[in-house]
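Below: coords-v8.txt (compact mmCIF, C-alpha atoms)
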```
# COMPACT_ATOMS: atom_id res chain seq x y z
CA MET A 129 0.00 0.00 0.00
CA ALA A 130 1.51 3.30 -1.05
CA SER A 131 -0.28 5.54 1.43
CA GLU A 132 -1.91 5.09 4.79
CA SER A 133 -5.37 3.55 4.74
CA HIS A 134 -8.15 5.02 6.87
CA THR A 135 -10.16 1.80 6.86
CA ASN A 136 -11.86 0.89 10.15
CA TYR A 137 -10.29 -2.56 10.41
CA THR A 138 -12.17 -3.50 13.57
CA ALA A 139 -15.50 -2.85 11.82
CA ILE A 140 -14.39 -5.03 8.87
CA TRP A 141 -13.43 -7.79 11.32
CA ALA A 142 -16.87 -7.54 13.01
CA VAL A 143 -18.61 -7.87 9.63
CA LEU A 144 -16.43 -10.90 8.79
CA LEU A 145 -17.45 -12.57 12.07
CA ALA A 146 -21.13 -11.77 11.43
CA LEU A 147 -20.84 -13.36 7.96
CA LEU A 148 -19.16 -16.42 9.47
CA PHE A 149 -21.99 -16.93 11.97
CA ALA A 150 -24.57 -16.35 9.21
CA SER A 151 -23.06 -19.15 7.12
CA VAL A 152 -22.84 -21.54 10.09
CA GLY A 153 -26.42 -20.72 11.10
CA ALA A 154 -27.70 -21.24 7.55
CA VAL A 155 -26.88 -24.95 7.79
CA TYR A 156 -29.49 -25.32 10.54
CA LEU A 157 -32.28 -23.53 8.64
CA PRO A 158 -34.91 -25.58 6.74
CA PHE A 159 -33.74 -24.66 3.24
CA SER A 160 -32.81 -27.02 0.43
CA PRO A 161 -29.19 -28.28 0.35
CA ALA A 162 -28.65 -26.52 -2.99
CA LEU A 163 -29.83 -23.16 -1.64
CA THR A 164 -27.84 -23.52 1.58
CA THR A 165 -24.68 -24.53 -0.32
CA ALA A 166 -25.08 -21.56 -2.69
CA PHE A 167 -25.52 -19.24 0.28
CA ILE A 168 -22.49 -20.44 2.26
CA PHE A 169 -20.21 -20.20 -0.77
CA LEU A 170 -21.54 -16.76 -1.62
CA VAL A 171 -20.76 -15.70 1.96
CA ALA A 172 -17.27 -17.28 1.74
CA THR A 173 -16.59 -15.38 -1.49
CA VAL A 174 -17.75 -12.09 0.06
CA LYS A 175 -15.50 -12.72 3.08
CA ALA A 176 -12.48 -13.48 0.85
CA VAL A 177 -13.08 -10.36 -1.24
CA MET A 178 -13.40 -8.24 1.92
CA ILE A 179 -10.09 -9.58 3.26
CA ALA A 180 -8.39 -8.94 -0.10
CA VAL A 181 -9.85 -5.47 -0.58
CA TYR A 182 -9.57 -4.11 2.97
CA PHE A 183 -6.90 -6.10 4.83
CA MET A 184 -4.64 -6.72 1.80
CA HIS A 185 -5.43 -3.23 0.45
CA LEU A 186 -6.07 -4.55 -3.04
CA ARG A 187 -8.35 -1.63 -3.83
CA GLU A 188 -5.43 0.77 -3.48
CA GLU A 189 -2.97 -1.37 -5.41
CA THR A 190 -1.73 -0.95 -8.98
CA GLN A 191 -3.28 -2.74 -11.95
CA LEU A 192 -0.16 -4.92 -12.17
CA ILE A 193 -0.62 -6.32 -8.68
CA ARG A 194 -4.37 -6.80 -9.18
CA SER A 195 -3.54 -8.71 -12.38
CA LEU A 196 -1.11 -10.91 -10.47
CA LEU A 197 -4.02 -12.07 -8.33
CA TRP A 198 -6.69 -12.30 -11.00
CA ALA A 199 -4.61 -14.36 -13.45
CA PRO A 200 -4.31 -17.48 -11.23
CA VAL A 201 -7.87 -17.09 -9.92
CA VAL A 202 -9.22 -17.12 -13.49
CA LEU A 203 -6.93 -20.06 -14.38
CA PHE A 204 -8.22 -21.95 -11.34
CA ILE A 205 -11.85 -21.36 -12.37
CA ILE A 206 -11.14 -22.43 -15.97
CA MET A 207 -9.29 -25.55 -14.79
CA THR A 208 -12.16 -26.54 -12.49
CA LEU A 209 -14.93 -25.84 -15.01
CA ALA A 210 -13.02 -27.65 -17.78
CA LEU A 211 -13.03 -30.82 -15.69
CA VAL A 212 -16.71 -30.65 -14.68
CA PRO A 213 -18.02 -32.19 -17.95
CA ASP A 214 -15.89 -35.29 -17.32
CA ILE A 215 -17.48 -35.73 -13.92
CA VAL A 216 -21.02 -35.09 -15.21
CA VAL A 217 -20.58 -37.45 -18.17
CA GLU A 218 -19.18 -40.15 -15.89
CA ARG A 219 -22.14 -39.79 -13.52
CA LEU A 220 -24.66 -39.89 -16.38
CA SER A 221 -23.09 -42.99 -17.89
CA ASP A 222 -22.57 -44.68 -14.54
CA GLY A 223 -25.97 -43.78 -13.16
CA SER A 224 -24.95 -44.13 -9.55
CA ALA A 225 -22.70 -42.57 -6.98
CA PRO A 226 -20.07 -44.67 -5.21
CA GLU A 227 -21.33 -45.97 -1.91
CA VAL A 228 -19.61 -44.86 1.22
CA SER A 229 -20.14 -45.51 4.86
CA ALA A 230 -18.69 -44.12 8.03
CA PRO A 231 -16.37 -46.44 9.96
CA ALA A 232 -17.76 -47.99 13.13
CA HIS A 233 -16.59 -46.33 16.33
CA MET B 123 23.35 15.11 -1.82
CA ASP B 124 20.15 14.94 0.21
CA VAL B 125 20.61 11.91 2.47
CA THR B 126 16.98 11.99 3.62
CA HIS B 127 15.67 11.68 0.07
CA VAL B 128 18.04 8.80 -0.70
CA SER B 129 16.86 7.00 2.42
CA GLU B 130 13.18 7.47 1.53
CA GLY B 131 13.88 6.31 -2.02
CA GLN B 132 15.55 3.16 -0.76
CA ALA B 133 12.66 2.50 1.61
CA ASN B 134 10.14 2.91 -1.22
CA ARG B 135 12.11 0.55 -3.47
CA GLU B 136 12.31 -2.00 -0.66
CA THR B 137 8.53 -1.75 -0.20
CA SER B 138 7.94 -2.13 -3.92
CA TYR B 139 10.28 -5.12 -4.34
CA ALA B 140 8.94 -6.89 -1.25
CA LYS B 141 5.34 -6.33 -2.30
CA MET B 142 5.90 -7.51 -5.86
CA ALA B 143 7.77 -10.58 -4.62
CA ILE B 144 5.10 -11.59 -2.14
CA TRP B 145 2.29 -11.08 -4.68
CA TRP B 146 4.12 -13.28 -7.20
CA PHE B 147 4.51 -15.90 -4.49
CA LEU B 148 0.82 -15.65 -3.53
CA ALA B 149 -0.16 -16.04 -7.21
CA SER B 150 1.72 -19.36 -7.29
CA GLU B 151 0.08 -20.33 -4.01
CA VAL B 152 -3.38 -19.80 -5.55
CA MET B 153 -2.53 -22.52 -8.07
CA THR B 154 -1.03 -24.81 -5.40
CA PHE B 155 -4.17 -24.73 -3.30
CA GLY B 156 -6.35 -24.39 -6.42
CA GLY B 157 -5.24 -27.76 -7.79
CA PHE B 158 -6.03 -29.49 -4.50
CA LEU B 159 -9.35 -27.69 -4.09
CA ALA B 160 -10.43 -28.40 -7.68
CA ALA B 161 -9.65 -32.10 -7.27
CA TYR B 162 -11.57 -32.21 -3.97
CA MET B 163 -14.60 -30.35 -5.35
CA LEU B 164 -14.79 -32.56 -8.45
CA TYR B 165 -14.50 -35.79 -6.46
CA ARG B 166 -17.16 -34.51 -4.09
CA MET B 167 -19.47 -33.63 -7.01
CA GLN B 168 -18.91 -37.11 -8.39
CA ALA B 169 -19.91 -38.59 -5.03
CA ALA B 170 -23.29 -36.83 -5.47
CA GLY B 171 -23.84 -35.98 -1.83
CA SER B 172 -22.73 -39.32 -0.44
CA TRP B 173 -19.71 -37.71 1.28
CA SER B 174 -22.07 -35.84 3.64
CA VAL B 175 -22.13 -38.97 5.80
CA LEU B 176 -18.35 -38.78 6.09
CA ALA B 177 -18.24 -35.02 6.63
CA ALA B 178 -20.62 -35.52 9.57
CA GLY B 179 -17.61 -37.01 11.38
CA LEU B 180 -15.99 -33.56 11.45
CA ASN B 181 -16.44 -31.12 14.31
CA PRO B 182 -17.83 -27.86 12.85
CA TRP B 183 -17.73 -26.08 16.24
CA ILE B 184 -13.98 -26.42 16.68
CA ALA B 185 -13.59 -25.31 13.05
CA THR B 186 -15.88 -22.32 13.67
CA ALA B 187 -13.80 -21.34 16.71
CA ASN B 188 -10.67 -21.69 14.57
CA THR B 189 -12.18 -19.46 11.89
CA VAL B 190 -12.83 -16.80 14.54
CA VAL B 191 -9.19 -17.17 15.68
CA LEU B 192 -7.80 -16.77 12.13
CA LEU B 193 -10.05 -13.82 11.27
CA THR B 194 -8.97 -12.14 14.51
CA SER B 195 -5.30 -12.79 13.67
CA SER B 196 -5.85 -11.03 10.33
CA LEU B 197 -7.09 -8.02 12.32
CA THR B 198 -4.05 -8.03 14.60
CA ILE B 199 -1.52 -8.29 11.76
CA VAL B 200 -3.16 -5.51 9.75
CA LYS B 201 -2.96 -3.41 12.94
CA ALA B 202 0.78 -4.25 13.11
CA HIS B 203 1.16 -2.94 9.57
CA GLN B 204 -0.87 0.15 10.46
CA ALA B 205 1.41 0.74 13.47
CA MET B 206 4.48 0.53 11.22
CA GLN B 207 3.02 3.23 8.97
CA HIS B 208 3.57 5.48 12.02
CA ASP B 209 6.89 3.72 12.79
CA ASP B 210 5.38 2.62 16.10
CA GLN B 211 7.61 -0.41 16.70
CA ALA B 212 6.21 -1.09 20.18
CA ARG B 213 2.60 -1.34 19.00
CA ALA B 214 3.65 -3.35 15.93
CA ARG B 215 5.51 -5.75 18.25
CA LYS B 216 2.43 -6.14 20.45
CA MET B 217 0.20 -6.85 17.46
CA LEU B 218 2.70 -9.31 15.93
CA GLY B 219 2.91 -11.08 19.28
CA LEU B 220 -0.87 -11.43 19.36
CA THR B 221 -0.83 -12.74 15.78
CA VAL B 222 1.75 -15.39 16.70
CA LEU B 223 -0.31 -16.35 19.75
CA LEU B 224 -3.49 -16.68 17.69
CA GLY B 225 -1.63 -18.78 15.12
CA VAL B 226 -0.50 -21.14 17.89
CA VAL B 227 -4.08 -21.30 19.24
CA PHE B 228 -5.29 -22.23 15.73
CA LEU B 229 -2.77 -25.09 15.55
CA GLY B 230 -3.74 -26.18 19.06
CA PHE B 231 -7.43 -26.40 18.12
CA LYS B 232 -6.45 -28.25 14.95
CA ALA B 233 -4.37 -30.75 16.95
CA VAL B 234 -7.34 -31.39 19.27
CA GLU B 235 -9.58 -31.86 16.24
CA TYR B 236 -7.15 -34.32 14.60
CA SER B 237 -6.83 -36.33 17.81
CA ILE B 238 -10.63 -36.61 18.15
CA GLU B 239 -10.99 -37.70 14.51
CA ILE B 240 -8.17 -40.25 14.70
CA SER B 241 -9.58 -41.67 17.96
CA HIS B 242 -12.88 -42.21 16.09
CA GLY B 243 -11.06 -44.15 13.38
CA TYR B 244 -10.95 -41.40 10.76
CA THR B 245 -7.42 -41.51 9.36
CA PRO B 246 -6.01 -40.49 5.95
CA VAL B 247 -6.47 -44.07 4.69
CA THR B 248 -10.08 -44.49 5.88
CA HIS B 249 -11.58 -43.00 2.71
CA ILE B 250 -10.57 -40.57 0.00
CA PHE B 251 -12.67 -37.88 1.72
CA TRP B 252 -10.41 -38.17 4.78
CA SER B 253 -7.32 -38.24 2.53
CA PHE B 254 -8.44 -34.90 1.09
CA TYR B 255 -9.33 -33.59 4.55
CA TYR B 256 -5.91 -34.32 6.04
CA ALA B 257 -4.03 -33.19 2.89
CA LEU B 258 -5.91 -29.88 2.60
CA THR B 259 -5.90 -28.99 6.31
CA GLY B 260 -2.33 -30.30 6.67
CA LEU B 261 -1.05 -28.17 3.79
CA HIS B 262 -2.89 -25.18 5.23
CA GLY B 263 -1.47 -25.97 8.69
CA LEU B 264 2.07 -25.98 7.28
CA HIS B 265 1.40 -22.51 5.88
CA VAL B 266 0.21 -21.41 9.31
CA VAL B 267 3.45 -22.76 10.84
CA ALA B 268 5.52 -20.84 8.26
CA GLY B 269 3.53 -17.67 9.00
CA ILE B 270 4.07 -18.10 12.75
CA VAL B 271 7.84 -18.42 12.22
CA VAL B 272 7.96 -15.30 10.02
CA ASN B 273 5.79 -13.28 12.39
CA ALA B 274 7.87 -14.41 15.39
CA VAL B 275 11.07 -13.26 13.64
CA LEU B 276 9.46 -9.87 12.90
CA PHE B 277 8.28 -9.72 16.53
CA VAL B 278 11.94 -10.00 17.62
CA HIS B 279 12.97 -7.38 15.02
CA ALA B 280 10.32 -4.98 16.32
CA GLY B 281 11.63 -5.54 19.86
CA LYS B 282 15.03 -4.28 18.64
CA GLY B 283 13.41 -1.38 16.80
CA LYS B 284 14.55 -2.83 13.45
CA LEU B 285 11.23 -3.82 11.88
CA THR B 286 10.59 -2.21 8.48
CA LEU B 287 7.27 -1.30 6.90
CA ALA B 288 8.06 -3.48 3.86
CA ARG B 289 8.56 -6.59 5.98
CA ALA B 290 5.47 -5.92 8.06
CA GLU B 291 3.43 -5.51 4.86
CA ALA B 292 4.83 -8.65 3.19
CA ALA B 293 4.20 -10.75 6.31
CA GLY B 294 0.69 -9.34 6.54
CA LEU B 295 -0.12 -10.14 2.91
CA TYR B 296 1.03 -13.75 3.40
CA TRP B 297 -0.95 -14.15 6.62
CA HIS B 298 -4.14 -12.73 5.05
CA PHE B 299 -3.74 -15.19 2.17
CA VAL B 300 -3.55 -18.07 4.65
CA ASP B 301 -6.77 -16.68 6.15
CA VAL B 302 -8.46 -16.49 2.72
CA VAL B 303 -7.58 -20.15 2.04
CA TRP B 304 -9.23 -21.14 5.32
CA VAL B 305 -12.30 -19.03 4.47
CA PHE B 306 -12.88 -21.45 1.56
CA LEU B 307 -11.67 -24.64 3.26
CA PHE B 308 -14.13 -24.17 6.13
CA PRO B 309 -17.38 -24.38 4.09
CA LEU B 310 -15.90 -26.89 1.62
CA LEU B 311 -15.07 -29.38 4.37
CA TYR B 312 -17.40 -28.60 7.27
CA LEU B 313 -20.60 -27.04 5.89
CA SER B 314 -21.17 -28.62 2.47
CA TYR B 315 -23.74 -31.28 1.67
```
Since I need it in another form, could you write the structure as structure tokens?
Amino acid sequence: MASESHTNYTAIWAVLLALLFASVGAVYLPFSPALTTAFIFLVATVKAVMIAVYFMHLREETQLIRSLLWAPVVLFIIMTLALVPDIVVERLSDGSAPEVSAPAH
Amino acid sequence: MDVTHVSEGQANRETSYAKMAIWWFLASEVMTFGGFLAAYMLYRMQAAGSWSVLAAGLNPWIATANTVVLLTSSLTIVKAHQAMQHDDQARARKMLGLTVLLGVVFLGFKAVEYSIEISHGYTPVTHIFWSFYYALTGLHGLHVVAGIVVNAVLFVHAGKGKLTLARAEAAGLYWHFVDVVWVFLFPLLYLSY
């Protein structure tokens, strides 16, 4: 960061904690698994962006440094999405998920 | 020759080099964790929800407490950086000390969690879910250990009045990245269906 930030870091931390408890609490609400999963990953993404923008001062950084972060993030997303069809095709052709069970204890 | 200007110029260059270096490193770290996370997510998608039974063996409350600990450590290290912007070595030292302490608390909680899971028979060879769990949290834990070592060294430097803004910033960026990784690991492992 080139200059001093006037961000209220304690307030950002409080919001991050509130978001954490919201995502934990969402698991116990009577919503569908798909909706709950979407919500908790949306919250995780918001938390990560807040940490990057406010704590890592990404908002005040140069385009070069922002590019350094975005390039691998985009590559990661492409890599993951490129492999999804393989998984979907395998599931469609197989028709069943592998069975698993918890060990006895 | 204006010695003050030379000194400020050197300090700015040091900040710039350190920042660029740490961002390059973090970019490579995104791909390191990204490969692991992508493999885990795809395997879990393939399992079509059947891993929920296995994930129920995890303790989300210890993990929630650990998330609070890591988020709080991000606050303390950014406050250390803020203190260094005023060249307040004493406050930076205090905040770095708290960050180290919180890092150790995180590892302590994680050790308790591992011991509970292993005592219940969940080991890395029990199932591929547990292999992923121990690999992902273990790799993250190693990063926490590295961060603790770096922050402890800077804590000593601050005690001698030799901590620089560039080092405080680089250490902070690394520690925040470790926090960001956990922000995604937590729901992926503990909260997903």
Exercise. Measuring atom to atom with all atoms listed in the file, identify which of B:Arg289, B:Lys284, B:His298, B:Lys232 is nearest to B:Trp183.
Key: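 Under the stated criterion, the closest residue is B:Lys232.
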Self-check item: Selection near stretch 204-220 of chain B, 12 Å with only C-alpha atoms, sequence-local residues under 2 positions removed, as a count of residues only
Solution: 56
Quiz item: Could you write out as a list in words the residues of chain B within 6 Å of chain A, counting all atoms listed in the file?
Solution: Ala149, Gly156, Ala160, Gln168, Ala169, Ala170, Leu176, His242, Leu295, Val302 and Val305 of chain B
Quiz prompt | Atom-to-atom span, atom CA of B:Leu313 and atom CA of B:Met163, Å | solution = 13.2 Å
